[in-house]
$ cat model-v3.cif   # mmCIF, C-alpha atoms
data_protein
loop_
_atom_site.label_atom_id
_atom_site.label_comp_id
_atom_site.auth_asym_id
_atom_site.auth_seq_id
_atom_site.Cartn_x
_atom_site.Cartn_y
_atom_site.Cartn_z
CA MET A 1 18.00 163.01 71.48
CA SER A 2 18.00 164.14 75.12
CA LYS A 3 20.50 162.58 77.50
CA ARG A 4 19.39 160.20 80.24
CA ASP A 5 19.82 161.14 83.87
CA TYR A 6 23.33 160.20 85.04
CA TYR A 7 22.07 158.79 88.36
CA GLU A 8 19.59 156.62 86.47
CA ILE A 9 22.34 155.36 84.14
CA LEU A 10 24.53 154.20 87.03
CA GLY A 11 21.59 153.00 89.12
CA VAL A 12 22.48 155.10 92.17
CA ASP A 13 20.71 157.90 94.00
CA GLU A 14 21.88 161.46 94.51
CA ASN A 15 23.24 160.67 97.98
CA ALA A 16 25.47 157.83 96.77
CA SER A 17 29.03 157.90 98.07
CA THR A 18 32.09 158.04 95.86
CA ASP A 19 32.73 154.34 96.48
CA GLU A 20 29.15 153.43 95.52
CA ILE A 21 29.43 155.44 92.31
CA LYS A 22 32.72 153.80 91.44
CA LYS A 23 31.37 150.35 92.26
CA ALA A 24 28.31 150.90 90.05
CA TYR A 25 30.52 152.20 87.22
CA ARG A 26 32.94 149.26 87.31
CA LYS A 27 30.08 146.78 87.30
CA LEU A 28 28.37 148.38 84.29
CA ALA A 29 31.64 149.03 82.46
CA ARG A 30 32.56 145.38 82.78
CA LYS A 31 29.11 144.42 81.49
CA TYR A 32 29.07 146.66 78.40
CA HIS A 33 32.77 146.92 77.47
CA PRO A 34 33.09 146.28 73.69
CA ASP A 35 35.88 143.75 74.26
CA VAL A 36 33.52 141.62 76.33
CA ASN A 37 30.00 142.41 75.14
CA LYS A 38 29.52 141.97 71.39
CA GLU A 39 25.78 142.73 71.42
CA GLU A 40 24.46 145.59 69.33
CA GLY A 41 24.38 148.84 71.25
CA ALA A 42 26.80 147.69 73.98
CA GLU A 43 29.47 150.18 72.91
CA GLU A 44 27.02 153.10 73.12
CA LYS A 45 25.90 151.98 76.57
CA PHE A 46 29.53 151.76 77.65
CA LYS A 47 30.13 155.34 76.50
CA GLU A 48 26.98 156.46 78.31
CA VAL A 49 28.16 154.82 81.54
CA LYS A 50 31.61 156.40 81.11
CA ASP A 51 30.13 159.90 80.64
CA ALA A 52 27.96 159.47 83.75
CA TYR A 53 30.92 158.34 85.84
CA ASP A 54 33.19 161.14 84.59
CA THR A 55 30.69 163.68 85.89
CA LEU A 56 29.46 162.09 89.12
CA SER A 57 32.93 161.03 90.34
CA ASP A 58 34.22 164.61 90.18
CA PRO A 59 32.88 166.68 93.14
CA GLN A 60 32.79 169.96 91.19
CA LYS A 61 31.17 168.43 88.09
CA LYS A 62 28.70 166.56 90.28
CA ALA A 63 27.73 169.78 92.09
CA ASN A 64 27.20 171.55 88.76
CA TYR A 65 25.17 168.62 87.41
CA ASP A 66 22.96 168.53 90.52
CA ARG A 67 22.27 172.23 89.99
CA PHE A 68 22.03 172.54 86.21
CA GLY A 69 21.56 168.97 84.93
CA HIS A 70 22.77 168.46 81.37
CA ALA A 71 22.49 172.21 80.78
CA ASP A 72 25.61 172.84 82.89
CA PRO A 73 27.38 175.81 81.22
CA ASN A 74 30.74 174.59 82.54
CA GLN A 75 30.38 171.11 81.09
CA GLY A 76 32.81 170.05 78.40
CA GLY A 77 36.48 169.41 77.80
CA PHE A 78 38.43 166.17 77.81
CA GLY A 79 39.18 163.74 80.57
CA GLY A 80 37.33 162.60 83.65
CA ALA A 81 37.79 162.34 87.34
CA GLY A 82 41.03 161.11 88.72
CA GLY A 83 43.46 163.26 86.76
CA ALA A 84 45.85 162.41 83.96
CA GLY A 85 46.60 158.74 83.46
CA ASP A 86 43.55 157.52 85.37
CA PHE A 87 40.76 158.13 82.83
CA GLY A 88 37.98 157.66 85.38
CA GLY A 89 39.10 154.23 86.59
CA PHE A 90 40.00 152.88 83.14
CA GLY A 91 43.08 151.28 84.64
CA ASP A 92 40.84 149.23 86.91
CA ILE A 93 38.74 148.13 83.94
CA PHE A 94 41.90 147.13 82.05
CA ASP A 95 43.00 145.03 85.02
CA MET A 96 39.60 143.32 85.13
CA PHE A 97 39.87 142.21 81.51
CA PHE A 98 43.56 141.58 81.05
CA GLY A 99 44.75 140.46 84.43
CA GLY A 100 47.08 143.22 85.56
CA GLY A 101 49.59 140.64 86.76
CA ALA A 102 47.66 139.54 89.88
CA ARG A 103 46.13 136.06 90.01
CA ARG A 104 42.66 135.83 91.48
CA ASP A 105 42.19 133.42 94.33
CA PRO A 106 39.37 131.02 93.29
CA ASN A 107 38.40 130.59 96.92
CA ALA A 108 38.24 134.29 97.72
CA PRO A 109 34.80 135.73 98.57
CA ARG A 110 32.99 137.22 95.58
CA GLN A 111 29.82 139.26 95.42
CA GLY A 112 26.73 137.62 93.95
CA SER A 113 25.10 138.64 90.69
CA ASP A 114 22.56 141.45 90.48
CA LEU A 115 18.93 140.78 89.64
CA GLN A 116 16.38 142.87 87.75
CA TYR A 117 12.64 142.84 88.30
CA THR A 118 10.06 144.73 86.22
CA MET A 119 7.18 145.98 88.35
CA THR A 120 3.94 147.22 86.78
CA ILE A 121 2.15 149.97 88.71
CA THR A 122 -0.84 152.23 88.04
CA PHE A 123 -0.65 155.91 87.08
CA LYS A 124 -1.72 157.02 90.56
CA GLU A 125 0.63 154.59 92.33
CA ALA A 126 3.49 156.15 90.37
CA ALA A 127 2.31 159.61 91.41
CA PHE A 128 1.85 158.94 95.12
CA GLY A 129 4.12 155.94 95.73
CA LYS A 130 3.27 152.91 97.82
CA GLU A 131 4.72 150.11 99.90
CA THR A 132 4.23 146.57 98.67
CA GLU A 133 5.81 143.12 98.55
CA ILE A 134 7.10 141.21 95.54
CA ASN A 135 8.13 137.62 95.05
CA ILE A 136 11.29 137.06 93.05
CA PRO A 137 12.88 133.73 92.12
CA ARG A 138 16.53 133.75 93.12
CA GLU A 139 19.24 131.39 94.20
CA GLU A 140 19.73 130.80 97.91
CA THR A 141 22.55 129.08 99.74
CA CYS A 142 21.68 125.41 100.17
CA GLY A 143 20.60 124.76 103.75
CA THR A 144 21.76 121.15 103.64
CA CYS A 145 25.41 121.60 102.64
CA HIS A 146 25.64 125.29 103.62
CA GLY A 147 26.90 126.15 100.17
CA ASN A 148 29.92 123.87 99.75
CA GLY A 149 28.06 121.37 97.53
CA ALA A 150 29.28 118.34 99.47
CA LYS A 151 27.21 115.63 101.08
CA PRO A 152 26.73 116.27 104.84
CA GLY A 153 29.58 114.67 106.74
CA THR A 154 32.06 115.20 103.89
CA THR A 155 34.10 118.18 102.76
CA PRO A 156 35.39 119.33 99.36
CA GLU A 157 38.97 118.34 98.56
CA THR A 158 41.69 120.42 96.94
CA CYS A 159 41.90 119.81 93.21
CA SER A 160 44.93 117.63 92.51
CA LYS A 161 45.42 118.94 88.99
CA CYS A 162 45.72 122.68 89.75
CA GLY A 163 46.64 122.40 93.42
CA GLY A 164 43.69 124.57 94.41
CA ALA A 165 44.71 127.49 92.19
CA GLY A 166 41.75 127.01 89.84
CA GLN A 167 44.05 127.82 86.90
CA LEU A 168 46.69 126.02 84.89
CA ASN A 169 49.83 127.59 83.45
CA ILE A 170 50.64 126.26 79.99
CA GLU A 171 54.19 127.03 78.82
CA GLN A 172 54.94 127.27 75.12
CA ASN A 173 58.17 128.02 73.31
CA THR A 174 57.84 130.61 70.52
CA PRO A 175 60.34 132.46 68.27
CA PHE A 176 60.01 135.36 70.72
CA GLY A 177 60.78 133.26 73.75
CA ARG A 178 58.81 131.21 76.25
CA VAL A 179 55.18 132.27 76.68
CA VAL A 180 53.04 131.24 79.65
CA ASN A 181 49.32 131.01 78.94
CA ARG A 182 46.91 130.79 81.83
CA ARG A 183 43.61 128.92 81.52
CA VAL A 184 40.85 127.69 83.82
CA CYS A 185 41.40 124.25 85.25
CA ASP A 186 39.22 121.79 83.32
CA ARG A 187 38.90 119.41 86.26
CA CYS A 188 37.50 121.74 88.92
CA GLN A 189 36.18 124.43 86.50
CA GLY A 190 38.18 127.11 88.29
CA THR A 191 36.93 126.48 91.82
CA GLY A 192 40.15 124.88 93.05
CA GLN A 193 38.12 122.19 94.83
CA MET A 194 36.60 118.82 94.00
CA VAL A 195 33.40 117.41 95.47
CA LYS A 196 33.42 113.61 95.42
CA GLU A 197 30.10 113.06 97.16
CA ARG A 198 27.57 115.66 96.08
CA CYS A 199 24.81 117.09 98.23
CA SER A 200 21.49 115.46 97.30
CA THR A 201 19.54 118.68 97.82
CA CYS A 202 21.44 120.98 95.46
CA GLY A 203 23.26 118.38 93.34
CA GLY A 204 26.64 119.84 94.30
CA ASP A 205 25.89 123.41 93.20
CA GLY A 206 25.73 124.74 96.75
CA LYS A 207 22.62 126.77 95.81
CA VAL A 208 18.91 126.17 95.37
CA ARG A 209 16.31 128.33 93.63
CA LYS A 210 13.51 129.68 95.78
CA ASN A 211 10.91 132.46 95.72
CA LYS A 212 11.92 135.30 98.02
CA LYS A 213 9.37 137.81 99.36
CA ILE A 214 10.85 141.32 99.45
CA SER A 215 9.34 144.58 100.72
CA ILE A 216 9.49 147.39 98.17
CA LYS A 217 8.86 151.11 98.70
CA VAL A 218 7.77 152.75 95.44
CA PRO A 219 8.92 156.39 95.58
CA ALA A 220 6.31 159.07 94.85
CA GLY A 221 6.79 160.58 91.41
CA VAL A 222 8.55 157.62 89.80
CA ASP A 223 8.15 157.49 86.02
CA TYR A 224 8.15 154.82 83.34
CA GLY A 225 11.53 153.11 82.92
CA GLN A 226 13.04 154.48 86.13
CA GLN A 227 14.47 152.05 88.65
CA ILE A 228 15.45 151.71 92.28
CA ARG A 229 18.19 149.62 93.83
CA VAL A 230 17.46 147.32 96.74
CA ALA A 231 20.85 146.57 98.22
CA GLY A 232 21.73 142.99 99.13
CA GLN A 233 18.65 141.36 97.58
CA GLY A 234 20.35 139.86 94.53
CA GLU A 235 21.94 136.44 94.11
CA PRO A 236 24.03 135.10 97.03
CA GLY A 237 27.78 135.60 96.95
CA VAL A 238 30.43 132.95 96.32
CA ASN A 239 32.69 131.65 99.09
CA GLY A 240 30.89 133.73 101.69
CA GLY A 241 30.84 136.92 99.61
CA PRO A 242 27.98 139.44 99.92
CA HIS A 243 24.72 139.24 97.99
CA GLY A 244 24.29 141.20 94.80
CA ASP A 245 21.68 143.92 94.46
CA LEU A 246 18.12 143.91 93.12
CA TYR A 247 17.10 146.55 90.58
CA VAL A 248 13.36 147.18 90.32
CA VAL A 249 12.37 148.77 86.99
CA PHE A 250 8.94 150.41 86.86
CA ASN A 251 6.38 149.98 84.11
CA VAL A 252 3.64 152.59 84.59
CA LYS A 253 0.18 151.96 83.12
CA SER A 254 -1.46 154.73 81.11
CA HIS A 255 -4.50 156.57 82.48
CA GLU A 256 -7.76 156.99 80.59
CA PHE A 257 -8.07 160.69 81.50
CA PHE A 258 -4.66 162.03 82.54
CA GLU A 259 -1.45 162.18 80.54
CA ARG A 260 1.98 162.84 81.98
CA ASP A 261 4.96 164.86 80.75
CA GLY A 262 7.69 164.94 83.36
CA ASP A 263 6.06 166.11 86.60
CA ASP A 264 3.18 167.88 84.83
CA VAL A 265 -0.24 166.34 84.18
CA TYR A 266 -2.44 167.13 81.17
CA CYS A 267 -6.15 166.57 80.55
CA GLU A 268 -9.02 167.83 78.39
CA MET A 269 -12.42 169.06 79.60
CA PRO A 270 -15.53 169.49 77.44
CA ILE A 271 -17.57 172.69 77.82
CA THR A 272 -20.68 173.95 76.04
CA PHE A 273 -20.87 176.92 73.69
CA ALA A 274 -22.86 178.81 76.33
CA GLN A 275 -20.20 178.19 78.99
CA ALA A 276 -17.46 179.38 76.62
CA ALA A 277 -19.39 182.47 75.50
CA LEU A 278 -20.84 183.55 78.83
CA GLY A 279 -18.26 182.17 81.22
CA ASP A 280 -18.81 179.64 83.99
CA GLU A 281 -17.20 177.76 86.86
CA ILE A 282 -16.65 174.05 86.26
CA GLU A 283 -15.35 171.13 88.30
CA VAL A 284 -12.12 169.50 87.11
CA PRO A 285 -10.81 166.12 88.32
CA THR A 286 -7.24 166.10 89.63
CA LEU A 287 -5.10 163.37 91.13
CA ARG A 288 -6.16 164.62 94.56
CA GLY A 289 -9.86 165.14 93.92
CA LYS A 290 -12.07 167.72 92.22
CA VAL A 291 -11.28 171.44 92.09
CA LYS A 292 -13.12 174.50 90.74
CA LEU A 293 -11.92 176.14 87.52
CA LYS A 294 -13.22 179.52 86.35
CA ILE A 295 -13.90 179.76 82.61
CA PRO A 296 -13.80 183.42 81.48
CA ALA A 297 -16.44 184.70 79.06
CA GLY A 298 -15.30 184.45 75.45
CA THR A 299 -13.05 181.43 75.99
CA GLN A 300 -11.98 179.78 72.73
CA THR A 301 -11.78 176.04 72.17
CA GLU A 302 -8.41 174.42 73.06
CA THR A 303 -7.60 177.20 75.52
CA SER A 304 -5.32 175.79 78.23
CA PHE A 305 -5.51 176.63 81.94
CA ARG A 306 -2.90 175.78 84.57
CA LEU A 307 -3.63 174.45 88.05
CA ARG A 308 -0.47 175.10 90.07
CA GLY A 309 0.81 172.30 92.25
CA LYS A 310 -1.80 169.80 91.08
CA GLY A 311 0.68 167.67 89.17
CA ILE A 312 3.07 164.93 90.29
CA PRO A 313 5.73 165.33 93.01
CA ASN A 314 9.29 165.22 91.72
CA VAL A 315 10.87 161.86 92.47
CA HIS A 316 14.03 163.63 93.73
CA GLY A 317 12.05 165.92 96.03
CA ARG A 318 12.37 169.02 93.81
CA GLY A 319 8.89 170.44 94.18
CA GLN A 320 5.70 169.40 92.43
CA GLY A 321 4.36 169.70 88.90
CA ASP A 322 1.23 171.44 87.63
CA GLN A 323 -1.95 170.25 85.93
CA HIS A 324 -2.80 171.70 82.52
CA VAL A 325 -6.46 171.68 81.50
CA LYS A 326 -7.38 172.18 77.83
CA VAL A 327 -11.04 172.98 77.18
CA ARG A 328 -12.88 171.86 74.05
CA ILE A 329 -16.22 173.33 72.99
CA ILE A 330 -18.62 170.53 72.20
CA THR A 331 -21.21 171.01 69.46
CA PRO A 332 -24.48 169.18 70.21
CA LYS A 333 -25.38 166.50 67.66
CA THR A 334 -29.14 166.72 68.16
CA LEU A 335 -31.24 169.87 68.65
CA SER A 336 -34.92 170.44 69.30
CA GLU A 337 -36.87 172.73 66.98
CA ARG A 338 -36.91 175.42 69.65
CA GLN A 339 -33.11 175.20 70.02
CA LYS A 340 -32.67 175.45 66.26
CA GLU A 341 -34.95 178.45 66.15
CA LEU A 342 -32.94 180.23 68.85
CA ILE A 343 -29.65 179.50 67.08
CA ARG A 344 -31.02 180.89 63.79
CA GLU A 345 -32.15 183.98 65.65
CA PHE A 346 -28.71 184.34 67.20
CA ALA A 347 -27.08 184.02 63.77
CA GLU A 348 -29.38 186.70 62.33
CA LEU A 349 -28.67 189.04 65.20
CA SER A 350 -24.92 188.44 64.93
CA GLY A 351 -24.76 189.10 61.20
CA ASP A 352 -21.21 189.78 60.01
CA GLU A 353 -20.14 190.43 63.61
CA GLN A 354 -19.90 186.71 64.33
CA VAL A 355 -16.44 186.87 62.71
CA ASP A 356 -14.57 188.84 65.34
CA GLU A 357 -11.34 190.81 65.10
CA GLN A 358 -9.28 187.80 66.11
CA SER A 359 -10.79 185.74 63.29
CA HIS A 360 -10.15 188.61 60.82
CA ASN A 361 -6.50 188.67 61.88
CA PHE A 362 -6.27 184.92 61.38
CA PHE A 363 -7.73 185.06 57.87
CA ASP A 364 -5.48 188.00 57.00
CA LYS A 365 -2.46 185.89 57.96
CA VAL A 366 -3.70 183.06 55.73
CA LYS A 367 -4.15 185.45 52.77
CA ARG A 368 -0.64 186.83 53.27
CA ALA A 369 0.74 183.30 53.40
CA PHE A 370 -0.87 182.49 50.05
CA LYS A 371 0.65 185.68 48.58
CA GLY A 372 4.08 184.65 49.84
CA GLU A 373 4.39 187.63 52.17
#
$ encode --input "model-v3.cif" --output "structure tokens"
Amino acid sequence: MSKRDYYEILGVDENASTDEIKKAYRKLARKYHPDVNKEEGAEEKFKEVKDAYDTLSDPQKKANYDRFGHADPNQGGFGGAGGAGDFGGFGDIFDMFFGGGARRDPNAPRQGSDLQYTMTITFKEAAFGKETEINIPREETCGTCHGNGAKPGTTPETCSKCGGAGQLNIEQNTPFGRVVNRRVCDRCQGTGQMVKERCSTCGGDGKVRKNKKISIKVPAGVDYGQQIRVAGQGEPGVNGGPHGDLYVVFNVKSHEFFERDGDDVYCEMPITFAQAALGDEIEVPTLRGKVKLKIPAGTQTETSFRLRGKGIPNVHGRGQGDQHVKVRIITPKTLSERQKELIREFAELSGDEQVDEQSHNFFDKVKRAFKGE
């Protein structure tokens, strides 16, 4: 199975900075790490994210990937960016899960959660792009209490049980010595603060759910399943932290005439026996209007012609695809007596010559196949 694009896996574009790549990696690694996410397929997604980060965080590997993609002849070996002992930021991931000795301040600013929105667009909208607006339901900071959850005129108080730490240290004597276990404070649920009089608008949550109108620019050439990141349009942060991001995933409708494979477009055109035998010039629809296509005399059914540059622009700006036109000779279902008479005359005049050299070669190959040659 072919590998997914590394930029798509991390949800960043090709111009993303090293910090943006690392930030995207840590967020996804925390989401799919097998010690945290027990869902089926999470481990494979974690490995996929790790592979993407190992390549894009290393300047040389990233340059090779941008040039060769997954076909990079220099790709391989063990280890990622950052050198021995780092393992592509694995130490950071370990700290996220197991503490690393530092206690998190419950009142410190924290970034809000990311949101995902699936947007359905037409075949041509995917090809040419467009600008539009979407409405997404998301949490907003409560305008009444300004996010602290307290009734106007009051303020949250420091939790008396944990002293504002948001965590409790439970000491326990064991045969190996005294062990200190840390757990979330059950009185303030880890916030370090208590709200005695709750805001009537948000019920003490500090947030309210609203529909937010957001402008979206659909890039030309986007394909099914690809996504874009709209920075700062996710859920609001905690304790004054920044908003999360919004990821827009595209669902592209099929087209009744065109089919897509990468940046190339495919279609079929019917032609008559006379056009195939004598040659002709026909009109072919493209995404940008009709064009002329010359059919040479003696064209066989299912012959494919290429229209250069009539496909879909590459979403990363790497040129434009082609359109491939396959012709099919259509046999008429109803004939007049005069038409039948002319066809019989043609058959008589053709005699054995109606099976041409190409057909003889084809039948010879079939005979040899039956003989096991």
$ resolve_selection --input "model-v3.cif" --expression "the PyMOL selection byres ((chain A and resi 145) around 12)" --output "PyMOL selection string"
chain A and resi 140-144+146-156+195+197-208
$ atom_distance --input "model-v3.cif" --atom1 "CA of Asn314 in chain A" --atom2 "CA of Ser254 in chain A"
18.4 Å
$ resolve_selection --input "model-v3.cif" --expression "the PyMOL selection byres ((chain A and resi 42-55) around 9)" --output "PyMOL selection string"
chain A and resi 3-7+9-10+21-22+24-25+28-34+37-41+56-62+65+75+79-82+87-88
$ axis_aligned_box --input "model-v3.cif" --around "range 117-133 of chain A" --padding-each-side "8 Å" --output "lines of an AutoDock Vina configuration file"
center_x = 5.5
center_y = 151.2
center_z = 93.1
size_x = 30.4
size_y = 32.8
size_z = 29.7
$ residues_near_point --input "model-v3.cif" --point "(12.0, 152.0, 88.2)" --cutoff "6 Å" --atoms "all atoms listed in the file" --output "PDB file with C-alpha atoms, in the frame of the given file"
ATOM      1  CA  GLY A 225      11.530 153.110  82.920  1.00  0.00           C
ATOM      2  CA  GLN A 226      13.040 154.480  86.130  1.00  0.00           C
ATOM      3  CA  GLN A 227      14.470 152.050  88.650  1.00  0.00           C
ATOM      4  CA  ILE A 228      15.450 151.710  92.280  1.00  0.00           C
ATOM      5  CA  VAL A 248      13.360 147.180  90.320  1.00  0.00           C
ATOM      6  CA  VAL A 249      12.370 148.770  86.990  1.00  0.00           C
ATOM      7  CA  PHE A 250       8.940 150.410  86.860  1.00  0.00           C
TER       8      PHE A 250
END
